[in-house]
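Trainee: Quick one, protein-v8.txt (compact mmCIF, C-alpha atoms):
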```txt
# COMPACT_ATOMS: atom_id res chain seq x y z
CA MET A 528 0.00 0.00 0.00
CA GLN A 529 1.14 3.52 -0.76
CA HIS A 530 2.50 5.67 2.07
CA HIS A 531 1.97 9.39 1.55
CA ARG A 532 4.54 11.81 2.88
CA PHE A 533 3.84 14.81 5.12
CA SER A 534 3.34 17.87 2.94
CA TYR A 535 1.58 20.76 4.62
CA PHE A 536 0.34 22.22 7.90
CA LYS A 537 -3.20 23.52 8.50
CA THR A 538 -3.15 26.38 11.01
CA SER A 539 -5.97 27.54 13.28
CA ASP A 540 -5.55 31.10 11.97
CA TRP A 541 -6.43 29.91 8.47
CA ILE A 542 -9.18 27.42 9.30
CA PHE A 543 -11.00 29.77 11.72
CA ARG A 544 -10.15 32.99 9.88
CA SER A 545 -13.83 33.91 9.40
CA ASP A 546 -14.41 33.85 13.18
CA PRO A 547 -11.05 33.67 15.02
CA ASP A 548 -12.60 34.28 18.44
CA PHE A 549 -14.81 31.16 18.10
CA PRO A 550 -12.62 28.24 16.94
CA LEU A 551 -15.38 25.77 16.05
CA ARG A 552 -16.38 24.85 12.53
CA ALA A 553 -18.15 22.06 10.65
CA GLY A 554 -18.10 21.38 6.94
CA ILE A 555 -18.89 18.72 4.34
CA GLN A 556 -16.31 17.54 1.81
CA ASP A 557 -18.25 15.99 -1.08
CA PRO A 558 -16.38 14.53 -2.71
CA GLN A 559 -13.43 14.01 -0.40
CA GLU A 560 -10.37 14.08 -2.64
CA GLU A 561 -7.22 12.11 -1.98
CA THR A 562 -4.69 14.05 0.12
CA VAL A 563 -1.09 13.81 1.19
CA LEU A 564 -0.22 13.44 4.87
CA HIS A 565 -0.85 16.77 6.57
CA GLU A 566 -0.77 18.11 10.12
CA HIS A 567 -3.42 20.07 12.02
CA GLU A 568 -3.07 22.82 14.63
CA PHE A 569 -6.54 21.84 15.90
CA CYS A 570 -8.65 18.73 16.59
CA GLU A 571 -10.79 17.06 13.94
CA CYS A 572 -13.59 14.51 14.04
CA ALA A 573 -14.15 13.02 10.60
CA PHE A 574 -17.53 11.39 9.89
CA ILE A 575 -17.52 9.16 6.78
CA LEU A 576 -20.88 10.02 5.19
CA SER A 577 -20.82 7.94 2.01
CA GLY A 578 -18.63 5.88 -0.28
CA GLN A 579 -15.50 4.08 0.71
CA GLY A 580 -11.79 4.74 0.74
CA MET A 581 -8.57 4.45 2.72
CA HIS A 582 -7.40 6.56 5.66
CA GLN A 583 -3.83 6.80 6.92
CA SER A 584 -2.74 7.81 10.44
CA GLU A 585 0.84 9.04 10.79
CA LYS A 586 3.16 6.63 8.92
CA ASN A 587 0.98 3.58 9.56
CA PRO A 588 -0.49 1.57 6.66
CA PRO A 589 -3.82 2.98 5.38
CA VAL A 590 -7.01 1.33 6.68
CA PRO A 591 -10.37 0.99 4.87
CA ILE A 592 -13.18 3.43 5.70
CA GLN A 593 -16.89 3.49 4.85
CA ARG A 594 -20.15 5.16 5.88
CA GLY A 595 -20.64 4.98 9.63
CA ASP A 596 -16.97 5.32 10.51
CA VAL A 597 -15.84 8.15 12.81
CA ILE A 598 -12.16 9.08 13.10
CA PHE A 599 -10.59 11.47 15.60
CA ILE A 600 -7.41 13.29 14.54
CA PRO A 601 -5.66 15.00 17.49
CA ILE A 602 -3.78 18.29 17.50
CA GLY A 603 -0.48 17.75 15.70
CA GLY A 604 -1.63 14.46 14.17
CA HIS A 605 -0.70 13.64 10.57
CA HIS A 606 -3.31 11.93 8.41
CA ALA A 607 -4.33 11.46 4.79
CA TYR A 608 -7.10 10.08 2.58
CA THR A 609 -5.14 7.85 0.22
CA GLN A 610 -8.02 6.43 -1.85
CA GLY A 611 -11.66 7.19 -2.36
CA GLU A 612 -14.66 6.03 -4.36
CA GLY A 613 -17.77 8.19 -3.93
CA LEU A 614 -16.23 9.30 -0.64
CA SER A 615 -17.76 12.21 1.29
CA VAL A 616 -16.68 13.30 4.76
CA GLY A 617 -18.20 15.55 7.41
CA ASN A 618 -15.51 17.44 9.33
CA LEU A 619 -15.91 18.78 12.85
CA LEU A 620 -12.96 21.10 13.52
CA PHE A 621 -12.27 22.73 16.87
CA SER A 622 -9.53 24.16 19.07
CA ALA A 623 -10.29 22.71 22.49
CA PRO A 624 -8.09 25.07 24.58
CA ARG A 625 -9.96 28.12 23.29
CA LEU A 626 -13.53 26.86 23.75
CA PRO A 627 -15.64 27.53 26.88
CA SER A 628 -14.73 25.29 29.79
CA VAL A 629 -18.32 24.06 30.31
CA LEU A 630 -17.33 21.01 28.24
CA LEU A 631 -14.62 20.07 30.71
CA GLU A 632 -17.09 17.91 32.67
CA LEU A 633 -16.53 15.38 29.88
CA TYR A 634 -13.05 14.90 31.31
CA SER A 635 -14.54 12.51 33.87
CA SER A 636 -15.78 10.23 31.06
CA ALA A 637 -13.53 7.25 30.30
CA ALA A 638 -14.62 7.36 26.66
CA TYR A 639 -13.76 11.06 26.34
CA LYS A 640 -10.29 10.45 27.79
CA GLN A 641 -9.54 7.52 25.52
CA ILE A 642 -10.83 9.24 22.38
CA PHE A 643 -9.86 12.86 22.83
CA LEU A 644 -7.04 12.91 25.39
CA LYS A 645 -4.83 10.00 24.39
CA ARG A 646 -1.33 11.09 23.39
CA PHE A 647 -0.03 10.06 19.98
CA SER A 648 3.34 10.24 18.31
CA PRO A 649 4.81 8.64 15.19
CA GLU A 650 6.86 6.40 17.47
CA THR A 651 3.80 4.77 19.08
CA LYS A 652 2.71 3.15 15.78
CA ASP A 653 -0.92 3.55 16.90
CA ASP A 654 -3.73 4.51 14.54
CA PHE A 655 -5.90 7.41 15.63
CA PRO A 656 -9.14 6.55 17.49
CA MET A 657 -11.72 5.17 15.09
CA THR A 658 -15.08 3.46 15.51
CA HIS A 659 -17.98 2.24 13.36
CA LEU A 660 -21.48 3.24 14.47
CA GLU A 661 -24.82 1.59 13.82
CA GLU A 662 -26.84 3.34 11.12
CA ASP A 663 -29.50 4.82 13.43
CA VAL A 664 -26.90 6.36 15.76
CA PHE A 665 -24.75 7.57 12.89
CA PHE A 666 -27.74 9.18 11.17
CA GLU A 667 -28.51 11.03 14.41
CA LEU A 668 -24.95 12.44 14.56
CA GLU A 669 -24.95 13.16 10.82
CA THR A 670 -28.10 15.25 11.23
CA LEU A 671 -26.52 17.23 14.08
CA LEU A 672 -23.40 17.77 12.00
CA TYR A 673 -25.42 19.23 9.11
CA TYR A 674 -27.23 21.53 11.53
CA LEU A 675 -23.90 22.68 12.94
CA ALA A 676 -22.43 23.26 9.47
CA GLY A 677 -25.39 25.47 8.53
CA SER A 678 -25.75 27.43 11.78
CA THR A 679 -24.57 31.03 12.19
CA SER A 680 -25.35 31.32 15.93
CA HIS A 681 -22.55 30.75 18.43
CA CYS A 682 -25.09 29.57 20.99
CA CYS A 683 -26.56 26.98 18.62
CA LYS A 684 -23.15 25.85 17.43
CA MET A 685 -21.91 25.29 20.98
CA GLY A 686 -25.07 23.40 21.96
CA ILE A 687 -24.90 21.12 18.91
CA PHE A 688 -21.16 20.61 19.39
CA ALA A 689 -21.70 19.55 23.02
CA ALA A 690 -24.48 17.18 21.93
CA ILE A 691 -22.23 15.55 19.32
CA LEU A 692 -19.33 15.07 21.72
CA GLY A 693 -21.57 13.80 24.50
CA ARG A 694 -23.33 11.34 22.20
CA LEU A 695 -20.03 10.09 20.81
CA CYS A 696 -18.82 9.36 24.32
CA GLU A 697 -22.00 7.35 24.96
CA VAL A 698 -21.74 5.14 21.89
CA TRP A 699 -17.99 4.84 21.23
CA LYS A 700 -16.74 1.39 22.16
CA ILE A 701 -13.60 1.68 24.32
CA ALA A 702 -11.32 -0.56 26.34
CA GLU A 703 -12.64 -1.14 29.86
CA THR A 704 -9.19 -0.90 31.45
CA GLU A 705 -8.72 2.83 30.79
CA LYS A 706 -7.61 4.53 34.02
CA SER A 707 -8.71 8.00 35.11
CA PRO A 708 -6.07 10.71 35.15
CA PRO A 709 -5.42 12.00 38.68
CA LEU A 710 -6.09 15.63 37.70
CA ASP A 711 -9.42 17.32 38.49
CA ILE A 712 -9.28 19.52 35.39
CA PHE A 713 -12.67 21.13 35.94
CA LYS A 714 -11.78 22.23 39.49
CA LEU A 715 -8.42 23.64 38.40
CA THR A 716 -9.72 25.60 35.40
CA ALA A 717 -12.62 26.96 37.46
CA PHE A 718 -10.10 28.20 40.01
CA MET A 719 -8.08 29.88 37.25
CA GLU A 720 -11.17 31.51 35.74
CA HIS A 721 -12.13 33.01 39.10
CA ASN A 722 -8.63 34.19 39.99
CA PHE A 723 -6.91 35.07 36.70
CA HIS A 724 -6.76 38.75 37.72
CA LYS A 725 -4.56 37.83 40.70
CA GLU A 726 -0.90 36.91 40.68
CA LEU A 727 -0.94 33.14 40.13
CA LEU A 728 2.24 31.12 39.93
CA MET A 729 2.83 27.60 38.66
CA SER A 730 3.60 26.62 42.26
CA ASP A 731 0.09 27.73 43.29
CA LEU A 732 -1.48 25.45 40.67
CA CYS A 733 0.80 22.57 41.63
CA ARG A 734 -0.27 22.83 45.27
CA MET A 735 -3.93 22.86 44.30
CA ALA A 736 -3.54 19.84 42.02
CA ALA A 737 -1.18 18.07 44.47
CA MET A 738 1.23 17.35 41.61
CA SER A 739 4.73 18.23 40.57
CA SER A 740 5.13 20.85 37.86
CA ALA A 741 6.11 18.26 35.23
CA THR A 742 3.17 15.95 36.05
CA LEU A 743 0.64 18.79 36.11
CA GLN A 744 1.85 20.17 32.79
CA ARG A 745 1.72 16.74 31.17
CA HIS A 746 -1.87 15.99 32.26
CA PHE A 747 -3.10 19.54 31.65
CA LYS A 748 -1.67 19.69 28.14
CA ALA A 749 -3.11 16.25 27.34
CA ALA A 750 -6.56 17.55 28.36
CA LEU A 751 -6.55 21.02 26.83
CA GLY A 752 -3.68 21.11 24.36
CA VAL A 753 -1.72 23.85 26.14
CA PRO A 754 0.26 24.13 29.41
CA PRO A 755 -1.59 25.59 32.43
CA MET A 756 0.21 28.96 32.35
CA THR A 757 -0.64 29.38 28.66
CA TYR A 758 -4.30 28.62 29.48
CA LEU A 759 -4.12 31.26 32.23
CA ARG A 760 -2.59 33.80 29.86
CA ASN A 761 -5.36 33.14 27.32
CA LEU A 762 -8.00 33.77 30.00
CA ARG A 763 -6.36 37.09 30.83
CA LEU A 764 -6.13 38.13 27.19
CA LYS A 765 -9.77 37.23 26.55
CA HIS A 766 -10.82 39.37 29.52
CA ALA A 767 -8.64 42.24 28.29
CA ALA A 768 -10.20 42.03 24.82
CA GLU A 769 -13.69 42.21 26.33
CA LEU A 770 -12.75 45.31 28.37
CA LEU A 771 -11.26 46.98 25.29
CA LEU A 772 -14.58 46.56 23.49
CA ASN A 773 -17.01 47.23 26.30
CA SER A 774 -15.38 49.90 28.47
CA GLN A 775 -13.58 53.22 28.25
CA LEU A 776 -10.88 52.18 30.72
CA GLU A 777 -7.28 53.17 30.11
CA LEU A 778 -4.90 50.48 28.90
CA ASN A 779 -2.99 50.32 32.17
CA GLU A 780 -6.26 49.74 34.06
CA ILE A 781 -7.28 47.00 31.61
CA ALA A 782 -3.92 45.31 31.94
CA GLU A 783 -4.11 45.33 35.75
CA LEU A 784 -7.71 44.10 35.85
CA SER A 785 -6.73 41.27 33.51
CA GLY A 786 -3.85 40.05 35.65
CA PHE A 787 -0.92 41.75 33.91
CA ARG A 788 1.29 43.62 36.35
CA GLN A 789 3.36 45.41 33.70
CA MET A 790 2.47 46.96 30.35
CA PRO A 791 5.25 45.56 28.08
CA PRO A 792 4.35 41.88 28.74
CA PHE A 793 0.66 42.75 28.23
CA PHE A 794 1.36 44.41 24.85
CA ARG A 795 3.61 41.56 23.68
CA ALA A 796 1.14 38.83 24.70
CA PHE A 797 -1.86 40.65 23.20
CA LYS A 798 -0.19 41.27 19.85
CA LYS A 799 1.07 37.69 19.68
CA CYS A 800 -2.46 36.37 20.32
CA TYR A 801 -4.56 38.80 18.25
CA GLY A 802 -2.02 40.01 15.68
CA ILE A 803 -2.57 43.69 16.54
CA THR A 804 -1.94 45.98 19.51
CA PRO A 805 -4.64 46.59 22.15
CA LEU A 806 -5.28 50.10 20.78
CA GLU A 807 -5.63 48.81 17.22
CA TYR A 808 -8.00 46.09 18.48
CA ARG A 809 -10.20 48.71 20.18
CA ARG A 810 -10.30 50.92 17.07
CA LYS A 811 -10.99 48.09 14.60
CA LYS A 812 -13.74 46.46 16.65
```
Now that the file is in, can you turn its structure into structure tokens?
Mentor:
Amino acid sequence: MQHHRFSYFKTSDWIFRSDPDFPLRAGIQDPQEETVLHEHEFCECAFILSGQGMHQSEKNPPVPIQRGDVIFIPIGGHHAYTQGEGLSVGNLLFSAPRLPSVLLELYSSAAYKQIFLKRFSPETKDDFPMTHLEEDVFFELETLLYYLAGSTSHCCKMGIFAAILGRLCEVWKIAETEKSPPLDIFKLTAFMEHNFHKELLMSDLCRMAAMSSATLQRHFKAALGVPPMTYLRNLRLKHAAELLLNSQLELNEIAELSGFRQMPPFFRAFKKCYGITPLEYRRKK
């Protein structure tokens, strides 16, 4: 069987360019053309809607796919469609670290952990999580996916997205031996969301999680795709962006209320995240 080489990288900035502040998107590829191995800066759930073909994970041999199959491609995962005959695919694309934390209650589900949180690397030789669903269940998820692809409301999109993920966790067949990670991710992120304006150190989070820094960072990144201090910085920047739009506060006040003690780090972090300075953001929006 043919092995396709890695060729290109799909960034979140490009995929979510129409709505960068809401990194959730669904689309239908009909037909799904053959591709080379490519890497994603976001998560993808691929629903095989019709036809048949071959799907390749990392450098593993391609495997056959058909209607009813669901494949999860993690952040940084390489994959390709190497063959296709009448193949159409529904894609659910999202950046988990930048979505509202209400979905973090799924972290307690063994299915969610095995599907969405398992770590992959080319060295493991593992294919990405894949399952085949019964037609009635698959049709239910297919309908939700079409609704999501056609919706323009953030509220509706988030509700449908949560329904799809929750339903997948109910019907996905997983190994019964999967162990729960020792990190209470919901408790930790809730603490960060309530205290981001204060001076929080990595040592504070380690004490709360009762873990070493290395262990906490490993489990946190596996759950949300970013280290805990990056998640905290993103919370602060999101709050700063909201104040820029909805208040007349001076920049130094906004920085302080958002947890930044000095202006230069605030300016650097904001421009790196949003591509423009805080003043430019306020004027453009």
Trainee: Given all atoms listed in the file as the basis, pick out the residue of A:Ala637, A:Ala553, A:Leu770, A:Asp548 nearest to Tyr674 of chain A.
Mentor: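 Closest to Tyr674 of chain A of all the choices is A:Ala553.
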Trainee: At a cut-off of 9 Å from (-6.5, 25.5, 29.7) in the coordinates of the file, what residues are picked up using all atoms listed in the file, written as a PyMOL selection string?
Mentor: chain A and resi 623-625+628+712+716+719+747-748+750-759+761-762
Trainee: Applying 7 Å and all atoms listed in the file, which residues near Ile598 of chain A remain after dropping the ones on its own chain fewer than 3 positions away? List them as a PDB file with C-alpha atoms, in the coordinates of the input.
Mentor:
```pdb
ATOM      1  CA  CYS A 572     -13.590  14.510  14.040  1.00  0.00           C
ATOM      2  CA  ALA A 573     -14.150  13.020  10.600  1.00  0.00           C
ATOM      3  CA  PHE A 574     -17.530  11.390   9.890  1.00  0.00           C
ATOM      4  CA  PHE A 655      -5.900   7.410  15.630  1.00  0.00           C
ATOM      5  CA  PRO A 656      -9.140   6.550  17.490  1.00  0.00           C
ATOM      6  CA  MET A 657     -11.720   5.170  15.090  1.00  0.00           C
ATOM      7  CA  THR A 658     -15.080   3.460  15.510  1.00  0.00           C
TER       8      THR A 658
END
```
Trainee: Please list as an MDAnalysis selection string every residue within 7 Å of Thr562 of chain A, counting all atoms listed in the file and excluding residues in the same chain fewer than 2 positions away.
Mentor: chainID A and resid 560 564 607:609
Trainee: Can you find the residues with an atom no farther than 9 Å from (-0.2, 19.2, 17.3), counting all atoms listed in the file, and report them as a PyMOL selection string?
Mentor: chain A and resi 566-570+601-605+752
Trainee: For each of A:Pro588, A:Glu669, A:His565, A:Asp546, take the minimum atom-to-atom distance to Ser615 of chain A, counting only C-alpha atoms, then give the residue where this is smallest.
Mentor: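 Ranked by minimum distance to Ser615 of chain A, first place goes to A:Glu669.
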Trainee: I'd like the interatomic distance between atom CA of Cys682 of chain A and atom CA of Phe549 of chain A, to a tenth of an Å.
Mentor: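 Atom CA of Phe549 of chain A lies at a distance of 10.8 Å from atom CA of Cys682 of chain A.
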